[in-house]
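The next block is run.tsv, given as TSV, N, CA and C atoms.
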```
chain	number	residue	atom	x	y	z
A	267	MET	N	24.66	-5.33	-33.75
A	267	MET	CA	23.27	-5.33	-34.17
A	267	MET	C	22.51	-6.49	-33.52
A	268	GLU	N	23.17	-7.61	-33.40
A	268	GLU	CA	22.53	-8.79	-32.82
A	268	GLU	C	22.22	-8.58	-31.34
A	269	LYS	N	23.10	-7.89	-30.60
A	269	LYS	CA	22.87	-7.61	-29.18
A	269	LYS	C	21.65	-6.71	-29.00
A	270	GLU	N	21.51	-5.71	-29.87
A	270	GLU	CA	20.37	-4.81	-29.79
A	270	GLU	C	19.05	-5.54	-30.03
A	271	LEU	N	19.06	-6.48	-30.96
A	271	LEU	CA	17.87	-7.27	-31.24
A	271	LEU	C	17.50	-8.14	-30.05
A	272	ILE	N	18.48	-8.76	-29.42
A	272	ILE	CA	18.23	-9.60	-28.24
A	272	ILE	C	17.67	-8.76	-27.10
A	273	ILE	N	18.27	-7.58	-26.88
A	273	ILE	CA	17.78	-6.69	-25.81
A	273	ILE	C	16.34	-6.26	-26.09
A	274	MET	N	16.02	-5.95	-27.35
A	274	MET	CA	14.67	-5.53	-27.71
A	274	MET	C	13.67	-6.66	-27.49
A	275	VAL	N	14.03	-7.87	-27.85
A	275	VAL	CA	13.14	-9.03	-27.66
A	275	VAL	C	12.93	-9.28	-26.17
A	276	VAL	N	13.99	-9.20	-25.38
A	276	VAL	CA	13.87	-9.41	-23.93
A	276	VAL	C	12.94	-8.35	-23.33
A	277	MET	N	13.08	-7.09	-23.73
A	277	MET	CA	12.22	-6.03	-23.20
A	277	MET	C	10.77	-6.23	-23.60
A	278	ILE	N	10.53	-6.64	-24.84
A	278	ILE	CA	9.16	-6.88	-25.30
A	278	ILE	C	8.53	-8.03	-24.53
A	279	VAL	N	9.30	-9.11	-24.31
A	279	VAL	CA	8.79	-10.26	-23.54
A	279	VAL	C	8.50	-9.84	-22.10
A	280	PHE	N	9.39	-9.04	-21.52
A	280	PHE	CA	9.18	-8.57	-20.15
A	280	PHE	C	7.92	-7.73	-20.03
A	281	ILE	N	7.74	-6.78	-20.94
A	281	ILE	CA	6.56	-5.91	-20.91
A	281	ILE	C	5.29	-6.72	-21.12
A	282	ALA	N	5.33	-7.68	-22.04
A	282	ALA	CA	4.16	-8.51	-22.30
A	282	ALA	C	3.82	-9.37	-21.09
A	283	SER	N	4.84	-9.93	-20.42
A	283	SER	CA	4.56	-10.77	-19.25
A	283	SER	C	4.01	-9.96	-18.09
A	284	VAL	N	4.53	-8.76	-17.87
A	284	VAL	CA	4.01	-7.90	-16.79
A	284	VAL	C	2.57	-7.51	-17.09
A	285	THR	N	2.28	-7.16	-18.32
A	285	THR	CA	0.92	-6.78	-18.71
A	285	THR	C	-0.04	-7.95	-18.52
A	286	PHE	N	0.37	-9.13	-18.93
A	286	PHE	CA	-0.46	-10.32	-18.78
A	286	PHE	C	-0.72	-10.62	-17.30
A	287	THR	N	0.34	-10.52	-16.48
A	287	THR	CA	0.20	-10.80	-15.05
A	287	THR	C	-0.78	-9.83	-14.39
A	288	GLU	N	-0.66	-8.56	-14.69
A	288	GLU	CA	-1.57	-7.57	-14.11
A	288	GLU	C	-3.01	-7.79	-14.58
A	289	GLY	N	-3.17	-8.12	-15.83
A	289	GLY	CA	-4.51	-8.42	-16.34
A	289	GLY	C	-5.12	-9.62	-15.66
A	290	LEU	N	-4.31	-10.64	-15.42
A	290	LEU	CA	-4.78	-11.85	-14.73
A	290	LEU	C	-5.18	-11.53	-13.29
A	291	LYS	N	-4.40	-10.68	-12.62
A	291	LYS	CA	-4.74	-10.28	-11.25
A	291	LYS	C	-6.10	-9.59	-11.22
A	292	GLN	N	-6.31	-8.67	-12.14
A	292	GLN	CA	-7.58	-7.93	-12.19
A	292	GLN	C	-8.74	-8.87	-12.49
A	293	TYR	N	-8.54	-9.80	-13.39
A	293	TYR	CA	-9.59	-10.76	-13.75
A	293	TYR	C	-9.98	-11.60	-12.53
A	294	LEU	N	-8.97	-12.11	-11.82
A	294	LEU	CA	-9.25	-12.94	-10.65
A	294	LEU	C	-9.92	-12.12	-9.54
A	295	LYS	N	-9.51	-10.87	-9.40
A	295	LYS	CA	-10.13	-10.00	-8.40
A	295	LYS	C	-11.60	-9.77	-8.72
A	296	LEU	N	-11.91	-9.46	-9.96
A	296	LEU	CA	-13.30	-9.24	-10.37
A	296	LEU	C	-14.13	-10.50	-10.24
A	297	ARG	N	-13.54	-11.63	-10.55
A	297	ARG	CA	-14.26	-12.91	-10.44
A	297	ARG	C	-14.60	-13.21	-8.99
A	298	LYS	N	-13.68	-12.91	-8.08
A	298	LYS	CA	-13.92	-13.14	-6.66
A	298	LYS	C	-15.03	-12.23	-6.14
A	299	VAL	N	-15.00	-10.97	-6.53
A	299	VAL	CA	-16.03	-10.01	-6.09
A	299	VAL	C	-17.40	-10.42	-6.60
A	300	SER	N	-17.48	-10.85	-7.84
A	300	SER	CA	-18.78	-11.20	-8.39
A	300	SER	C	-19.36	-12.42	-7.69
A	301	ARG	N	-18.54	-13.36	-7.30
A	301	ARG	CA	-19.04	-14.53	-6.56
A	301	ARG	C	-19.56	-14.13	-5.20
A	302	SER	N	-18.87	-13.25	-4.49
A	302	SER	CA	-19.34	-12.82	-3.18
A	302	SER	C	-20.62	-12.01	-3.32
A	303	ASP	N	-20.74	-11.22	-4.38
A	303	ASP	CA	-21.97	-10.48	-4.62
A	303	ASP	C	-23.14	-11.42	-4.87
A	304	ILE	N	-22.89	-12.48	-5.62
A	304	ILE	CA	-23.94	-13.46	-5.90
A	304	ILE	C	-24.37	-14.13	-4.61
A	305	ASN	N	-23.43	-14.51	-3.76
A	305	ASN	CA	-23.77	-15.14	-2.48
A	305	ASN	C	-24.59	-14.19	-1.62
A	306	GLN	N	-24.23	-12.92	-1.60
A	306	GLN	CA	-24.99	-11.93	-0.82
A	306	GLN	C	-26.39	-11.77	-1.38
A	307	ASP	N	-26.52	-11.74	-2.70
A	307	ASP	CA	-27.84	-11.62	-3.32
A	307	ASP	C	-28.70	-12.84	-2.99
A	308	GLU	N	-28.10	-14.03	-2.97
A	308	GLU	CA	-28.85	-15.24	-2.64
A	308	GLU	C	-29.34	-15.19	-1.20
A	309	LEU	N	-28.51	-14.69	-0.28
A	309	LEU	CA	-28.92	-14.57	1.12
A	309	LEU	C	-30.08	-13.58	1.27
A	310	GLU	N	-29.99	-12.45	0.58
A	310	GLU	CA	-31.07	-11.47	0.63
A	310	GLU	C	-32.35	-12.02	0.04
A	311	LEU	N	-32.23	-12.78	-1.04
A	311	LEU	CA	-33.40	-13.38	-1.66
A	311	LEU	C	-34.06	-14.38	-0.72
A	312	GLU	N	-33.27	-15.19	-0.03
A	312	GLU	CA	-33.83	-16.16	0.91
A	312	GLU	C	-34.52	-15.45	2.07
A	313	LEU	N	-33.96	-14.34	2.54
A	313	LEU	CA	-34.59	-13.56	3.61
A	313	LEU	C	-35.93	-13.01	3.15
A	314	LEU	N	-35.98	-12.50	1.93
A	314	LEU	CA	-37.24	-11.98	1.38
A	314	LEU	C	-38.27	-13.09	1.23
A	315	ARG	N	-37.83	-14.27	0.85
A	315	ARG	CA	-38.77	-15.40	0.73
A	315	ARG	C	-39.36	-15.76	2.10
A	316	LYS	N	-38.52	-15.76	3.14
A	316	LYS	CA	-39.01	-16.06	4.49
A	316	LYS	C	-40.02	-15.01	4.95
A	317	GLN	N	-39.71	-13.74	4.68
A	317	GLN	CA	-40.63	-12.67	5.06
A	317	GLN	C	-41.95	-12.81	4.30
A	318	ASN	N	-41.87	-13.19	3.03
A	318	ASN	CA	-43.07	-13.37	2.22
A	318	ASN	C	-43.94	-14.49	2.78
A	319	ARG	N	-43.31	-15.62	3.14
A	319	ARG	CA	-44.09	-16.73	3.72
A	319	ARG	C	-44.75	-16.31	5.02
A	320	HIS	N	-44.03	-15.54	5.84
A	320	HIS	CA	-44.59	-15.07	7.10
A	320	HIS	C	-45.79	-14.16	6.86
A	321	LEU	N	-45.67	-13.24	5.92
A	321	LEU	CA	-46.78	-12.33	5.61
A	321	LEU	C	-47.97	-13.08	5.02
A	322	GLU	N	-47.71	-14.09	4.19
A	322	GLU	CA	-48.81	-14.89	3.65
A	322	GLU	C	-49.57	-15.59	4.77
A	323	ALA	N	-48.85	-16.11	5.75
A	323	ALA	CA	-49.51	-16.77	6.88
A	323	ALA	C	-50.36	-15.79	7.67
A	324	ARG	N	-49.87	-14.57	7.86
A	324	ARG	CA	-50.63	-13.55	8.58
A	324	ARG	C	-51.89	-13.17	7.81
A	325	VAL	N	-51.78	-13.02	6.50
A	325	VAL	CA	-52.94	-12.67	5.68
A	325	VAL	C	-53.98	-13.78	5.74
A	326	GLN	N	-53.53	-15.02	5.70
A	326	GLN	CA	-54.48	-16.14	5.79
A	326	GLN	C	-55.21	-16.13	7.12
A	327	THR	N	-54.50	-15.81	8.19
A	327	THR	CA	-55.15	-15.73	9.51
A	327	THR	C	-56.18	-14.61	9.53
A	328	LEU	N	-55.82	-13.46	8.99
A	328	LEU	CA	-56.77	-12.34	8.95
A	328	LEU	C	-57.98	-12.67	8.08
A	329	GLU	N	-57.76	-13.35	6.96
A	329	GLU	CA	-58.89	-13.75	6.11
A	329	GLU	C	-59.82	-14.70	6.87
A	330	ARG	N	-59.22	-15.61	7.62
A	330	ARG	CA	-60.02	-16.56	8.39
A	330	ARG	C	-60.86	-15.82	9.43
A	331	ILE	N	-60.27	-14.83	10.09
A	331	ILE	CA	-61.00	-14.07	11.11
A	331	ILE	C	-62.14	-13.28	10.48
A	332	VAL	N	-61.87	-12.60	9.38
A	332	VAL	CA	-62.87	-11.74	8.75
A	332	VAL	C	-64.00	-12.55	8.15
A	333	THR	N	-63.72	-13.70	7.61
A	333	THR	CA	-64.78	-14.50	6.98
A	333	THR	C	-65.51	-15.39	7.97
A	334	ASP	N	-65.09	-15.39	9.22
A	334	ASP	CA	-65.76	-16.19	10.24
A	334	ASP	C	-67.14	-15.60	10.51
A	335	SER	N	-68.13	-16.45	10.70
A	335	SER	CA	-69.50	-15.97	10.90
A	335	SER	C	-69.65	-15.22	12.22
A	336	SER	N	-68.91	-15.58	13.24
A	336	SER	CA	-69.01	-14.87	14.53
A	336	SER	C	-68.46	-13.45	14.40
A	337	TYR	N	-67.54	-13.22	13.51
A	337	TYR	CA	-67.02	-11.87	13.28
A	337	TYR	C	-68.13	-10.98	12.72
A	338	ASP	N	-68.91	-11.51	11.77
A	338	ASP	CA	-70.02	-10.74	11.22
A	338	ASP	C	-71.04	-10.39	12.30
A	339	LEU	N	-71.31	-11.33	13.18
A	339	LEU	CA	-72.26	-11.10	14.25
A	339	LEU	C	-71.75	-9.99	15.18
A	340	LYS	N	-70.44	-10.03	15.50
A	340	LYS	CA	-69.88	-8.99	16.36
A	340	LYS	C	-69.98	-7.61	15.69
A	341	GLN	N	-69.78	-7.55	14.39
A	341	GLN	CA	-69.89	-6.29	13.67
A	341	GLN	C	-71.31	-5.75	13.74
A	342	GLU	N	-72.28	-6.64	13.57
A	342	GLU	CA	-73.68	-6.20	13.62
A	342	GLU	C	-74.05	-5.71	15.00
A	343	ILE	N	-73.56	-6.38	16.04
A	343	ILE	CA	-73.86	-5.97	17.40
A	343	ILE	C	-73.20	-4.60	17.68
A	344	ASN	N	-71.98	-4.44	17.24
A	344	ASN	CA	-71.28	-3.17	17.46
A	344	ASN	C	-71.94	-2.03	16.67
A	345	ALA	N	-72.57	-2.34	15.55
A	345	ALA	CA	-73.22	-1.32	14.75
A	345	ALA	C	-74.47	-0.79	15.46
A	346	LEU	N	-75.05	-1.58	16.31
A	346	LEU	CA	-76.24	-1.13	17.05
A	346	LEU	C	-75.81	-0.21	18.14
```

Using C-alpha cells, write down the structure that the file contains.
Amino acid sequence: MEKELIIMVVMIVFIASVTFTEGLKQYLKLRKVSRSDINQDELELELLRKQNRHLEARVQTLERIVTDSSYDLKQEINAL
C-alpha cells in the first residue's frame, strides 16, 4: 500500500510540474509578443507624428500664400 501511495504522489508531482512548465512557457511567449507589439505601435505612432508635423508645415505655407496681399491682386487680375 505504501508503494502505491509513493507512486501516486510522484505521478501527481510530475503532472503538476509539467503543467506549470508549459504554462510558464506560454506566459513568457505572450509577454515577449506583447512587448514587440508595443514597440511596433510606438514606431508607427512616431511615423504618424512626423507626417502630421510635415502636413502642418505645408498647411501653414499654403495659408501664408493665400492670405498674402499679392495673391489677392493676382486673383483679381485673373478674374478680368

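Our summary of the geometry notes that atom CA of A:Tyr293 is positioned 28.5 Å from atom CA of A:Met274.
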
Atom C of A:Arg315 to atom C of A:Glu329, distance in Å rounded to a single decimal = 21.0 Å

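One distance worth recording is that between atom N of A:Ala323 and atom C of A:Glu310, which is 17.9 Å.
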